[in-house]
>>> print(open('structure_29.cif').read())   # mmCIF, C-alpha atoms and all ligand atoms
data_run
loop_
_atom_site.group_PDB
_atom_site.id
_atom_site.type_symbol
_atom_site.label_atom_id
_atom_site.label_comp_id
_atom_site.auth_asym_id
_atom_site.auth_seq_id
_atom_site.Cartn_x
_atom_site.Cartn_y
_atom_site.Cartn_z
ATOM 1 C CA MET A 1 1.891 -20.959 -32.662
ATOM 2 C CA ASN A 2 2.674 -19.542 -36.085
ATOM 3 C CA ASN A 3 2.493 -15.844 -36.943
ATOM 4 C CA SER A 4 -1.114 -15.774 -38.063
ATOM 5 C CA GLU A 5 -2.271 -17.843 -35.059
ATOM 6 C CA THR A 6 -0.488 -15.370 -32.751
ATOM 7 C CA LYS A 7 -2.191 -12.428 -34.467
ATOM 8 C CA GLN A 8 -5.545 -14.159 -34.136
ATOM 9 C CA MET A 9 -4.909 -14.883 -30.444
ATOM 10 C CA MET A 10 -4.027 -11.209 -29.813
ATOM 11 C CA SER A 11 -7.142 -10.026 -31.586
ATOM 12 C CA GLN A 12 -9.330 -12.369 -29.475
ATOM 13 C CA TYR A 13 -7.821 -10.955 -26.277
ATOM 14 C CA ARG A 14 -8.228 -7.407 -27.607
ATOM 15 C CA ASP A 15 -11.893 -8.001 -28.452
ATOM 16 C CA ALA A 16 -12.616 -9.368 -24.967
ATOM 17 C CA ILE A 17 -10.951 -6.343 -23.340
ATOM 18 C CA GLU A 18 -12.659 -3.838 -25.609
ATOM 19 C CA SER A 19 -16.085 -5.270 -24.985
ATOM 20 C CA TYR A 20 -15.501 -4.782 -21.221
ATOM 21 C CA LEU A 21 -14.063 -1.253 -21.694
ATOM 22 C CA GLU A 22 -17.112 -0.309 -23.814
ATOM 23 C CA GLY A 23 -19.206 -0.373 -20.648
ATOM 24 C CA VAL A 24 -16.926 1.799 -18.498
ATOM 25 C CA PHE A 25 -17.984 5.254 -19.746
ATOM 26 C CA PRO A 26 -21.371 5.858 -21.425
ATOM 27 C CA GLU A 27 -21.455 6.896 -25.064
ATOM 28 C CA ASN A 28 -22.643 10.448 -25.833
ATOM 29 C CA SER A 29 -22.409 11.635 -22.234
ATOM 30 C CA GLU A 30 -23.454 15.252 -21.627
ATOM 31 C CA ASP A 31 -20.233 15.705 -19.655
ATOM 32 C CA ALA A 32 -17.266 16.669 -21.848
ATOM 33 C CA THR A 33 -14.788 15.069 -19.417
ATOM 34 C CA VAL A 34 -16.564 11.712 -19.702
ATOM 35 C CA ARG A 35 -16.640 12.031 -23.508
ATOM 36 C CA ALA A 36 -12.919 12.854 -23.537
ATOM 37 C CA ALA A 37 -12.049 9.917 -21.256
ATOM 38 C CA ARG A 38 -14.088 7.563 -23.437
ATOM 39 C CA TYR A 39 -12.502 8.975 -26.594
ATOM 40 C CA SER A 40 -8.950 8.247 -25.416
ATOM 41 C CA LEU A 41 -9.848 4.875 -23.949
ATOM 42 C CA MET A 42 -11.691 3.596 -27.019
ATOM 43 C CA VAL A 43 -9.702 5.290 -29.801
ATOM 44 C CA GLY A 44 -7.400 2.311 -30.277
ATOM 45 C CA GLY A 45 -4.195 1.053 -28.760
ATOM 46 C CA LYS A 46 -2.650 -2.371 -28.836
ATOM 47 C CA ARG A 47 -4.079 -3.366 -25.398
ATOM 48 C CA ILE A 48 -0.755 -5.012 -24.587
ATOM 49 C CA ARG A 49 -1.000 -4.669 -20.812
ATOM 50 C CA PRO A 50 -4.512 -6.051 -20.306
ATOM 51 C CA ALA A 51 -3.923 -8.821 -22.883
ATOM 52 C CA LEU A 52 -0.749 -9.815 -21.055
ATOM 53 C CA MET A 53 -2.595 -9.859 -17.738
ATOM 54 C CA LEU A 54 -5.329 -12.101 -19.154
ATOM 55 C CA MET A 55 -2.737 -14.479 -20.614
ATOM 56 C CA VAL A 56 -0.927 -14.847 -17.295
ATOM 57 C CA ALA A 57 -4.327 -15.370 -15.628
ATOM 58 C CA ASP A 58 -5.192 -18.063 -18.189
ATOM 59 C CA MET A 59 -1.849 -19.743 -17.568
ATOM 60 C CA LEU A 60 -2.476 -19.717 -13.800
ATOM 61 C CA GLY A 61 -6.047 -20.933 -14.198
ATOM 62 C CA ALA A 62 -7.689 -17.769 -12.777
ATOM 63 C CA GLU A 63 -11.302 -16.956 -13.687
ATOM 64 C CA ARG A 64 -11.643 -14.531 -16.621
ATOM 65 C CA GLU A 65 -14.573 -12.739 -14.964
ATOM 66 C CA PHE A 66 -12.502 -12.093 -11.837
ATOM 67 C CA ILE A 67 -9.368 -10.838 -13.641
ATOM 68 C CA MET A 68 -11.031 -8.701 -16.323
ATOM 69 C CA PRO A 69 -11.748 -5.698 -14.033
ATOM 70 C CA PHE A 70 -8.063 -5.604 -13.020
ATOM 71 C CA ALA A 71 -7.053 -5.731 -16.688
ATOM 72 C CA ALA A 72 -9.458 -2.899 -17.550
ATOM 73 C CA ALA A 73 -8.211 -0.793 -14.611
ATOM 74 C CA LEU A 74 -4.632 -1.243 -15.838
ATOM 75 C CA GLU A 75 -5.513 -0.099 -19.359
ATOM 76 C CA MET A 76 -7.331 2.919 -17.866
ATOM 77 C CA ILE A 77 -4.248 3.866 -15.823
ATOM 78 C CA HIS A 78 -2.083 3.461 -18.929
ATOM 79 C CA THR A 79 -4.489 5.635 -20.966
ATOM 80 C CA TYR A 80 -4.513 8.388 -18.324
ATOM 81 C CA SER A 81 -0.700 8.424 -18.389
ATOM 82 C CA LEU A 82 -0.699 8.831 -22.179
ATOM 83 C CA ILE A 83 -3.207 11.732 -22.014
ATOM 84 C CA HIS A 84 -1.108 13.541 -19.408
ATOM 85 C CA ASP A 85 2.161 12.723 -21.178
ATOM 86 C CA ASP A 86 0.819 14.286 -24.393
ATOM 87 C CA LEU A 87 -0.156 17.592 -22.730
ATOM 88 C CA PRO A 88 1.728 20.774 -23.707
ATOM 89 C CA CYS A 89 3.355 20.905 -20.244
ATOM 90 C CA MET A 90 4.921 17.463 -20.876
ATOM 91 C CA ASP A 91 5.608 16.101 -24.380
ATOM 92 C CA ASN A 92 3.216 18.395 -26.236
ATOM 93 C CA ASP A 93 2.099 15.774 -28.763
ATOM 94 C CA GLU A 94 -0.698 16.099 -31.286
ATOM 95 C CA LEU A 95 -1.027 12.506 -32.426
ATOM 96 C CA ARG A 96 -1.716 9.407 -30.351
ATOM 97 C CA ARG A 97 -3.021 6.026 -31.410
ATOM 98 C CA GLY A 98 -3.279 7.462 -34.912
ATOM 99 C CA MET A 99 -5.760 10.158 -33.821
ATOM 100 C CA PRO A 100 -5.602 13.707 -32.412
ATOM 101 C CA THR A 101 -4.471 13.645 -28.771
ATOM 102 C CA CYS A 102 -7.074 14.251 -26.090
ATOM 103 C CA HIS A 103 -6.160 17.931 -25.528
ATOM 104 C CA ILE A 104 -6.166 18.650 -29.277
ATOM 105 C CA ARG A 105 -9.670 17.222 -29.519
ATOM 106 C CA TYR A 106 -11.167 18.459 -26.226
ATOM 107 C CA GLY A 107 -8.873 21.233 -24.955
ATOM 108 C CA GLU A 108 -6.245 21.164 -22.265
ATOM 109 C CA ALA A 109 -8.387 21.552 -19.161
ATOM 110 C CA THR A 110 -10.807 18.796 -20.199
ATOM 111 C CA ALA A 111 -7.934 16.477 -21.159
ATOM 112 C CA LEU A 112 -6.346 16.970 -17.741
ATOM 113 C CA LEU A 113 -9.662 16.098 -16.093
ATOM 114 C CA ALA A 114 -10.196 13.135 -18.424
ATOM 115 C CA GLY A 115 -6.847 11.701 -17.282
ATOM 116 C CA ASP A 116 -7.852 12.245 -13.652
ATOM 117 C CA LEU A 117 -11.221 10.609 -14.299
ATOM 118 C CA LEU A 118 -9.586 7.527 -15.847
ATOM 119 C CA LEU A 119 -7.253 7.172 -12.876
ATOM 120 C CA ASN A 120 -10.009 7.628 -10.291
ATOM 121 C CA SER A 121 -12.341 5.253 -12.105
ATOM 122 C CA ALA A 122 -9.560 2.644 -12.205
ATOM 123 C CA TYR A 123 -9.194 2.870 -8.418
ATOM 124 C CA GLU A 124 -12.974 2.597 -8.002
ATOM 125 C CA ILE A 125 -12.797 -0.686 -9.925
ATOM 126 C CA LEU A 126 -9.871 -1.937 -7.816
ATOM 127 C CA LEU A 127 -11.638 -1.067 -4.549
ATOM 128 C CA GLU A 128 -14.813 -2.762 -5.774
ATOM 129 C CA GLN A 129 -12.744 -5.891 -6.458
ATOM 130 C CA ALA A 130 -11.270 -5.752 -2.942
ATOM 131 C CA ILE A 131 -14.722 -5.337 -1.362
ATOM 132 C CA THR A 132 -16.204 -8.173 -3.406
ATOM 133 C CA HIS A 133 -13.323 -10.668 -3.360
ATOM 134 C CA GLY A 134 -11.379 -9.917 -0.185
ATOM 135 C CA SER A 135 -7.762 -9.751 0.810
ATOM 136 C CA TYR A 136 -5.957 -11.264 -2.219
ATOM 137 C CA ALA A 137 -7.838 -8.919 -4.542
ATOM 138 C CA ALA A 138 -6.890 -6.046 -2.210
ATOM 139 C CA LEU A 139 -3.224 -7.118 -2.334
ATOM 140 C CA ALA A 140 -3.325 -7.189 -6.124
ATOM 141 C CA GLY A 141 -4.957 -3.737 -6.223
ATOM 142 C CA ARG A 142 -2.323 -2.337 -3.897
ATOM 143 C CA PHE A 143 0.409 -3.793 -6.126
ATOM 144 C CA MET A 144 -1.136 -2.081 -9.159
ATOM 145 C CA ALA A 145 -1.386 1.241 -7.292
ATOM 146 C CA LYS A 146 2.243 0.982 -6.235
ATOM 147 C CA SER A 147 3.346 0.145 -9.788
ATOM 148 C CA ALA A 148 1.579 3.244 -11.113
ATOM 149 C CA GLY A 149 2.832 5.517 -8.325
ATOM 150 C CA GLY A 150 5.941 7.225 -6.954
ATOM 151 C CA VAL A 151 8.176 4.139 -6.986
ATOM 152 C CA GLY A 152 6.758 3.076 -10.366
ATOM 153 C CA MET A 153 5.414 4.913 -13.412
ATOM 154 C CA ILE A 154 5.037 8.398 -11.891
ATOM 155 C CA GLY A 155 8.479 8.090 -10.272
ATOM 156 C CA GLY A 156 9.960 7.139 -13.665
ATOM 157 C CA GLN A 157 8.237 10.023 -15.419
ATOM 158 C CA SER A 158 9.470 12.403 -12.746
ATOM 159 C CA LEU A 159 13.077 11.289 -13.296
ATOM 160 C CA ASP A 160 12.546 11.375 -17.053
ATOM 161 C CA ILE A 161 11.408 14.994 -17.280
ATOM 162 C CA SER A 162 14.587 16.135 -15.569
ATOM 163 C CA SER A 163 16.947 13.972 -17.649
ATOM 164 C CA PHE A 164 18.806 14.907 -20.797
ATOM 165 C CA SER A 165 20.688 12.473 -23.003
ATOM 166 C CA GLY A 166 24.163 13.918 -22.396
ATOM 167 C CA SER A 167 23.945 13.762 -18.614
ATOM 168 C CA VAL A 168 22.349 10.327 -18.100
ATOM 169 C CA THR A 169 24.296 7.151 -17.364
ATOM 170 C CA LEU A 170 23.066 3.801 -18.652
ATOM 171 C CA GLU A 171 22.235 2.747 -15.051
ATOM 172 C CA ARG A 172 20.104 5.855 -14.566
ATOM 173 C CA LEU A 173 18.387 5.337 -17.919
ATOM 174 C CA GLU A 174 17.533 1.753 -16.965
ATOM 175 C CA GLU A 175 16.096 2.944 -13.659
ATOM 176 C CA ILE A 176 13.917 5.477 -15.492
ATOM 177 C CA GLN A 177 12.680 2.914 -18.007
ATOM 178 C CA ARG A 178 12.089 0.161 -15.441
ATOM 179 C CA LYS A 179 9.859 2.572 -13.547
ATOM 180 C CA LYS A 180 8.217 4.504 -16.365
ATOM 181 C CA THR A 181 7.444 1.613 -18.716
ATOM 182 C CA GLY A 182 8.429 -1.566 -16.876
ATOM 183 C CA ALA A 183 6.324 -1.046 -13.762
ATOM 184 C CA LEU A 184 2.931 -1.296 -15.539
ATOM 185 C CA LEU A 185 4.080 -4.325 -17.542
ATOM 186 C CA THR A 186 5.204 -5.914 -14.270
ATOM 187 C CA ALA A 187 1.775 -5.126 -12.828
ATOM 188 C CA ALA A 188 0.184 -6.884 -15.807
ATOM 189 C CA ILE A 189 2.226 -10.015 -15.109
ATOM 190 C CA LEU A 190 2.128 -10.144 -11.310
ATOM 191 C CA THR A 191 -1.437 -8.975 -10.603
ATOM 192 C CA PRO A 192 -2.980 -12.374 -11.487
ATOM 193 C CA PHE A 193 -0.353 -14.025 -9.271
ATOM 194 C CA TYR A 194 -1.205 -11.815 -6.269
ATOM 195 C CA ALA A 195 -4.952 -11.882 -6.915
ATOM 196 C CA SER A 196 -5.478 -15.641 -7.084
ATOM 197 C CA ASP A 197 -5.188 -17.608 -3.858
ATOM 198 C CA ASN A 198 -3.836 -20.893 -5.288
ATOM 199 C CA HIS A 199 -0.262 -19.874 -6.163
ATOM 200 C CA HIS A 200 0.631 -17.500 -3.349
ATOM 201 C CA SER A 201 3.105 -19.782 -1.649
ATOM 202 C CA ASN A 202 4.942 -20.551 -4.916
ATOM 203 C CA LYS A 203 8.007 -18.336 -4.415
ATOM 204 C CA GLU A 204 9.840 -19.788 -7.428
ATOM 205 C CA LEU A 205 6.943 -18.860 -9.682
ATOM 206 C CA CYS A 206 6.976 -15.318 -8.281
ATOM 207 C CA VAL A 207 10.712 -15.033 -9.014
ATOM 208 C CA ALA A 208 10.344 -16.401 -12.560
ATOM 209 C CA LEU A 209 7.396 -14.116 -13.364
ATOM 210 C CA THR A 210 9.278 -11.095 -11.964
ATOM 211 C CA ASP A 211 12.322 -12.013 -14.049
ATOM 212 C CA TYR A 212 10.192 -12.330 -17.182
ATOM 213 C CA ALA A 213 8.535 -8.972 -16.428
ATOM 214 C CA SER A 214 11.859 -7.244 -15.936
ATOM 215 C CA HIS A 215 13.305 -8.377 -19.288
ATOM 216 C CA LEU A 216 10.052 -7.905 -21.180
ATOM 217 C CA GLY A 217 9.747 -4.345 -19.814
ATOM 218 C CA LEU A 218 13.249 -3.351 -20.883
ATOM 219 C CA SER A 219 12.913 -4.971 -24.288
ATOM 220 C CA PHE A 220 9.582 -3.175 -24.820
ATOM 221 C CA GLN A 221 11.194 0.193 -24.089
ATOM 222 C CA ILE A 222 14.342 -0.416 -26.152
ATOM 223 C CA LYS A 223 12.149 -1.443 -29.100
ATOM 224 C CA ASP A 224 10.061 1.722 -28.560
ATOM 225 C CA ASP A 225 13.220 3.856 -28.663
ATOM 226 C CA ILE A 226 14.417 2.133 -31.849
ATOM 227 C CA LEU A 227 11.005 2.537 -33.511
ATOM 228 C CA ASP A 228 11.123 6.245 -32.636
ATOM 229 C CA VAL A 229 14.060 6.641 -35.040
ATOM 230 C CA GLU A 230 13.292 3.924 -37.590
ATOM 231 C CA SER A 231 9.527 4.061 -38.082
ATOM 232 C CA SER A 232 7.039 6.641 -39.379
ATOM 233 C CA PRO A 233 4.088 8.513 -37.812
ATOM 234 C CA GLU A 234 1.719 6.650 -40.193
ATOM 235 C CA VAL A 235 2.849 3.263 -38.877
ATOM 236 C CA LEU A 236 3.375 4.250 -35.237
ATOM 237 C CA GLY A 237 0.259 6.429 -34.877
ATOM 238 C CA LYS A 238 2.302 9.016 -32.956
ATOM 239 C CA SER A 239 4.983 11.559 -33.741
ATOM 240 C CA ILE A 240 8.534 10.257 -34.258
ATOM 241 C CA GLY A 241 12.064 11.579 -33.838
ATOM 242 C CA LYS A 242 11.106 13.819 -30.932
ATOM 243 C CA ASP A 243 13.374 12.086 -28.441
ATOM 244 C CA ALA A 244 16.552 13.105 -30.235
ATOM 245 C CA ALA A 245 15.131 16.521 -31.157
ATOM 246 C CA CYS A 246 14.325 17.253 -27.488
ATOM 247 C CA ASP A 247 17.611 15.773 -26.241
ATOM 248 C CA LYS A 248 15.634 13.126 -24.331
ATOM 249 C CA ALA A 249 17.487 10.237 -22.730
ATOM 250 C CA THR A 250 16.601 7.007 -24.561
ATOM 251 C CA PHE A 251 18.546 3.822 -25.253
ATOM 252 C CA VAL A 252 19.279 5.118 -28.750
ATOM 253 C CA THR A 253 20.382 8.623 -27.690
ATOM 254 C CA VAL A 254 22.492 7.258 -24.800
ATOM 255 C CA CYS A 255 23.984 4.051 -26.335
ATOM 256 C CA GLY A 256 23.520 4.445 -30.098
ATOM 257 C CA ILE A 257 21.434 2.306 -32.439
ATOM 258 C CA GLU A 258 23.773 -0.706 -32.723
ATOM 259 C CA SER A 259 24.267 -1.178 -28.986
ATOM 260 C CA SER A 260 20.522 -0.739 -28.506
ATOM 261 C CA GLN A 261 19.807 -3.494 -31.026
ATOM 262 C CA LYS A 262 22.322 -5.803 -29.354
ATOM 263 C CA ARG A 263 20.864 -5.098 -25.917
ATOM 264 C CA LEU A 264 17.345 -5.647 -27.274
ATOM 265 C CA SER A 265 18.277 -9.079 -28.481
ATOM 266 C CA GLU A 266 19.912 -9.926 -25.096
ATOM 267 C CA GLU A 267 16.798 -8.809 -23.237
ATOM 268 C CA TYR A 268 14.583 -11.008 -25.437
ATOM 269 C CA ASP A 269 16.892 -13.980 -24.839
ATOM 270 C CA ALA A 270 16.626 -13.395 -21.083
ATOM 271 C CA ALA A 271 12.822 -13.111 -21.343
ATOM 272 C CA TYR A 272 12.663 -16.460 -23.192
ATOM 273 C CA ASN A 273 14.912 -17.989 -20.499
ATOM 274 C CA ALA A 274 12.529 -16.800 -17.794
ATOM 275 C CA LEU A 275 9.646 -18.374 -19.745
ATOM 276 C CA ASN A 276 11.594 -21.610 -19.771
ATOM 277 C CA SER A 277 11.868 -21.483 -15.969
ATOM 278 C CA ILE A 278 8.098 -20.932 -15.800
ATOM 279 C CA LYS A 279 7.617 -24.028 -17.953
ATOM 280 C CA ASN A 280 9.987 -26.026 -15.739
ATOM 281 C CA LEU A 281 7.755 -25.139 -12.798
ATOM 282 C CA GLY A 282 4.914 -26.965 -14.539
ATOM 283 C CA PHE A 283 3.049 -24.113 -16.261
ATOM 284 C CA ASP A 284 2.079 -24.041 -19.918
ATOM 285 C CA ASN A 285 4.085 -21.071 -21.243
ATOM 286 C CA GLU A 286 2.759 -21.302 -24.826
ATOM 287 C CA LEU A 287 0.640 -18.125 -24.675
ATOM 288 C CA LEU A 288 3.451 -16.052 -23.191
ATOM 289 C CA LEU A 289 5.939 -17.393 -25.733
ATOM 290 C CA SER A 290 3.657 -16.283 -28.552
ATOM 291 C CA PHE A 291 3.058 -12.936 -26.856
ATOM 292 C CA THR A 292 6.826 -12.358 -26.588
ATOM 293 C CA ASP A 293 7.200 -13.251 -30.294
ATOM 294 C CA TYR A 294 4.407 -10.754 -31.048
ATOM 295 C CA LEU A 295 6.199 -7.957 -29.157
ATOM 296 C CA ARG A 296 9.479 -8.854 -30.811
ATOM 297 C CA GLY A 297 7.924 -8.499 -34.259
ATOM 298 C CA ARG A 298 5.803 -5.438 -33.536
ATOM 299 C CA THR A 299 6.099 -2.481 -35.898
ATOM 300 C CA ASN A 300 4.038 -0.001 -33.831
HETATM 301 C C1 LIG B 401 2.238 11.289 -17.236
HETATM 302 C C2 LIG B 401 2.189 10.001 -15.065
HETATM 303 C C3 LIG B 401 2.603 10.102 -16.453
HETATM 304 C C4 LIG B 401 3.334 9.098 -16.965
HETATM 305 C C5 LIG B 401 3.723 9.014 -18.350
HETATM 306 C C6 LIG B 401 3.344 6.262 -20.273
HETATM 307 C C7 LIG B 401 4.247 7.398 -20.025
HETATM 308 C C8 LIG B 401 4.521 7.782 -18.624
HETATM 309 C C9 LIG B 401 4.716 8.109 -21.045
HETATM 310 C C10 LIG B 401 4.345 7.834 -22.464
HETATM 311 C C11 LIG B 401 5.508 8.065 -23.336
HETATM 312 C C12 LIG B 401 6.254 6.833 -23.658
HETATM 313 C C13 LIG B 401 6.772 6.756 -25.031
HETATM 314 C C14 LIG B 401 6.426 5.882 -22.760
HETATM 315 C C15 LIG B 401 7.190 4.652 -22.936
HETATM 316 C C16 LIG B 401 6.546 3.508 -23.711
HETATM 317 C C17 LIG B 401 5.108 3.504 -23.736
HETATM 318 C C18 LIG B 401 4.420 3.473 -22.459
HETATM 319 C C19 LIG B 401 4.527 3.517 -24.935
HETATM 320 C C20 LIG B 401 3.090 3.480 -25.153
HETATM 321 O O1 LIG B 401 2.590 2.196 -24.899
HETATM 322 P P1 LIG B 401 1.927 1.304 -26.052
HETATM 323 O O2 LIG B 401 2.876 1.171 -27.193
HETATM 324 O O3 LIG B 401 0.729 2.256 -26.494
HETATM 325 O O4 LIG B 401 1.421 0.058 -25.441
HETATM 326 P P2 LIG B 401 -0.762 1.882 -26.983
HETATM 327 O O5 LIG B 401 -1.261 3.173 -27.571
HETATM 328 O O6 LIG B 401 -0.682 0.771 -27.975
HETATM 329 O O7 LIG B 401 -1.532 1.494 -25.750
#
>>> encode(input="structure_29.cif", output="structure tokens", more="lines below")
Ligand code: GRG
Amino acid sequence: MNNSETKQMMSQYRDAIESYLEGVFPENSEDATVRAARYSLMVGGKRIRPALMLMVADMLGAEREFIMPFAAALEMIHTYSLIHDDLPCMDNDELRRGMPTCHIRYGEATALLAGDLLLNSAYEILLEQAITHGSYAALAGRFMAKSAGGVGMIGGQSLDISSFSGSVTLERLEEIQRKKTGALLTAAILTPFYASDNHHSNKELCVALTDYASHLGLSFQIKDDILDVESSPEVLGKSIGKDAACDKATFVTVCGIESSQKRLSEEYDAAYNALNSIKNLGFDNELLLSFTDYLRGRTN
């Protein structure tokens, strides 16, 4: 796929996701918490996690209608984490997805509740899937919950808020990033594998997908850390330079820009290798190759 075909593919996936998300919270609700949750969910975002989940599902031959609720739930969990991360008690950010953060627009208490509402509504969707589709859907939902929880995203955030650049080793930083950022990307990639009954016994596929997820997750975070020093708020849609200013541990503050760039390139190489293994197992890796190219070239 060339560059413009990749962009077109991403925008088709984004449109499909957004048309599902449109129906999650009603427009013009009388309840400010619902309005705030809808605002943050619909205000933009690249929709990387749900798009990735749908691509893996397409590669594995899973039904779109069956996977879409999982993809939406993942984006809702991601959005809740951004709302809470932006609060004054955490990163205290005023700009997200190019717009005022949830607490700037709706106030702190409502933003906190909006995050809670997104998380609870995501679990309602996952439970509904388990009730309707049975044990594989339940397994997939449990995997998503685990990825978002204490050994995944929340665990990573917890380590992150007590880490400062001078006192963090590279190993510790990788642990933080694998949990904080990598866990939800891993959920995007492995949920369709756990949810569909026709590939469960394929251990080699599970290993190759996990390997891809691990390298994609790290490369995503390293790129994020580099963009934080090299980009602008206009392009990124969020504040920049805060990591260094707050003495936060990132790949750039811990290893420096050159080592980060070198590591980024190694992680992409490893991700492409994992995609090759997936191809060797008989799966068409074209979509995921293009997706990886898209992430590699992203500017926001
Ligand atoms: C508060 C429980 C809790 C967790 C917070 C997501 C997170 C953990 C913190 C956000 C801060 C941050 C920079 C995280 C690392 C990378 C990341 C998740 C960036 C945002 O994801 P994108 O680029 O954002 O996919 P969009 O807006 O496009 O969805």
>>> atom_distance(input="structure_29.cif", atom1="atom CA of A:Leu87", atom2="atom CA of A:Gly150")
19.8 Å
>>> residues_near_ligand(input="structure_29.cif", ligand="ligand LIG 401 (chain B)", cutoff="6 Å", atoms="only C-alpha atoms and all ligand atoms", output="PyMOL selection string")
chain A and resi 45-48+81-82+84-85+97+153-154+157+180-181+221
>>> closest_residue(input="structure_29.cif", among="A:Ala208, A:Leu126, A:Ala72, A:Met53", to="A:Gly23", atoms="only C-alpha atoms")
A:Ala72
>>> closest_residue(input="structure_29.cif", among="A:Ser196, A:Leu264, A:Glu5, A:Met55", to="A:Asn285", atoms="all atoms listed in the file")
A:Met55
>>> resolve_selection(input="structure_29.cif", expression="the PyMOL selection byres (((chain A and resi 243) around 10) and not hetatm)", output="list in words")
Asp91, Phe164, Ser165, Asp225, Asp228, Val229, Ser239, Ile240, Gly241, Lys242, Ala244, Ala245, Cys246, Asp247, Lys248, Ala249, Thr250, Val252 and Thr253 of chain A
>>> resolve_selection(input="structure_29.cif", expression="the PyMOL selection byres (((chain A and resi 155) around 12) and not hetatm)", output="NGL selection string")
:A and (146-154 or 156-162 or 175-183)
>>> atom_distance(input="structure_29.cif", atom1="atom CA of A:Glu22", atom2="atom CA of A:Ala111")
19.3 Å
>>> resolve_selection(input="structure_29.cif", expression="the PyMOL selection byres (((chain A and resi 129) around 10) and not hetatm)", output="tab-separated table (two decimals) with C-alpha atoms, in the coordinates of the input")
chain	number	residue	atom	x	y	z
A	66	PHE	CA	-12.50	-12.09	-11.84
A	67	ILE	CA	-9.37	-10.84	-13.64
A	69	PRO	CA	-11.75	-5.70	-14.03
A	70	PHE	CA	-8.06	-5.60	-13.02
A	123	TYR	CA	-9.19	2.87	-8.42
A	124	GLU	CA	-12.97	2.60	-8.00
A	125	ILE	CA	-12.80	-0.69	-9.93
A	126	LEU	CA	-9.87	-1.94	-7.82
A	127	LEU	CA	-11.64	-1.07	-4.55
A	128	GLU	CA	-14.81	-2.76	-5.77
A	130	ALA	CA	-11.27	-5.75	-2.94
A	131	ILE	CA	-14.72	-5.34	-1.36
A	132	THR	CA	-16.20	-8.17	-3.41
A	133	HIS	CA	-13.32	-10.67	-3.36
A	134	GLY	CA	-11.38	-9.92	-0.18
A	135	SER	CA	-7.76	-9.75	0.81
A	136	TYR	CA	-5.96	-11.26	-2.22
A	137	ALA	CA	-7.84	-8.92	-4.54
A	138	ALA	CA	-6.89	-6.05	-2.21
A	140	ALA	CA	-3.32	-7.19	-6.12
A	141	GLY	CA	-4.96	-3.74	-6.22
A	195	ALA	CA	-4.95	-11.88	-6.92
>>> atom_distance(input="structure_29.cif", atom1="atom CA of A:Asp86", atom2="atom CA of A:Lys238")
10.2 Å
>>> residues_around(input="structure_29.cif", residues="A:Leu185", least_positions_apart="3", cutoff="7 Å", atoms="all atoms listed in the file", output="PyMOL selection string")
chain A and resi 49+181-182+188-189+213+217
>>> write_last_selection(input="structure_29.cif", atoms="C-alpha atoms", output="mmCIF file, keeping the file's coordinate frame")
data_model
loop_
_atom_site.group_PDB
_atom_site.id
_atom_site.type_symbol
_atom_site.label_atom_id
_atom_site.label_comp_id
_atom_site.auth_asym_id
_atom_site.auth_seq_id
_atom_site.Cartn_x
_atom_site.Cartn_y
_atom_site.Cartn_z
ATOM 1 C CA ARG A 49 -1.000 -4.669 -20.812
ATOM 2 C CA THR A 181 7.444 1.613 -18.716
ATOM 3 C CA GLY A 182 8.429 -1.566 -16.876
ATOM 4 C CA ALA A 188 0.184 -6.884 -15.807
ATOM 5 C CA ILE A 189 2.226 -10.015 -15.109
ATOM 6 C CA ALA A 213 8.535 -8.972 -16.428
ATOM 7 C CA GLY A 217 9.747 -4.345 -19.814
#
>>> closest_residue(input="structure_29.cif", among="A:His215, A:Lys279, A:Arg14, A:Lys7", to="A:Glu75", atoms="all atoms listed in the file")
A:Arg14
>>> axis_aligned_box(input="structure_29.cif", around="stretch 21-37 of chain A", padding_each_side="8 Å", output="lines of an AutoDock Vina configuration file")
center_x = -17.8
center_y = 7.7
center_z = -22.2
size_x = 27.4
size_y = 33.9
size_z = 23.3
>>> closest_residue(input="structure_29.cif", among="A:Asn198, A:Ser167, A:Ser40, A:Ser4", to="A:Asp293", atoms="all atoms listed in the file")
A:Ser4
>>> closest_residue(input="structure_29.cif", among="A:Ile83, A:Leu54, A:Cys206, A:Leu95", to="A:Leu112", atoms="all atoms listed in the file")
A:Ile83
>>> residues_around(input="structure_29.cif", residues="A:Met9", least_positions_apart="4", cutoff="12 Å", atoms="all atoms listed in the file", output="PyMOL selection string")
chain A and resi 1-5+13-16+51-52+54-55+286-288+290-291+294
>>> residues_around(input="structure_29.cif", residues="A:Ala32", least_positions_apart="4", cutoff="12 Å", atoms="all atoms listed in the file", output="ChimeraX atom specification")
/A:25-28,36-39,102-103,105-114,117
>>> residues_around(input="structure_29.cif", residues="A:Arg296", least_positions_apart="5", cutoff="12 Å", atoms="only C-alpha atoms", output="JSON, numbers by chain")
{"A": [3, 216, 217, 218, 219, 220, 221, 222, 223, 224, 227, 261, 264, 265, 266, 267, 268, 269, 271, 272, 289, 290, 291]}
>>> closest_residue(input="structure_29.cif", among="A:Gly98, A:Leu74, A:Phe283, A:Asp197", to="A:Ser121", atoms="all atoms listed in the file")
A:Leu74
>>> closest_atom_pairs(input="structure_29.cif", of="stretch 88-141 of chain A", to="stretch 76-80 of chain A", cutoff="7 Å", atoms="all atoms listed in the file", output="Markdown table")
| residue | atom | partner | partner_atom | distance |
| --- | --- | --- | --- | --- |
| A:Gly115 | CA | A:Tyr80 | CA | 4.2 |
| A:Asp116 | CA | A:Tyr80 | CA | 6.9 |
| A:Leu118 | CA | A:Met76 | CA | 5.5 |
| A:Leu119 | CA | A:Ile77 | CA | 5.4 |
| A:Ala122 | CA | A:Met76 | CA | 6.1 |
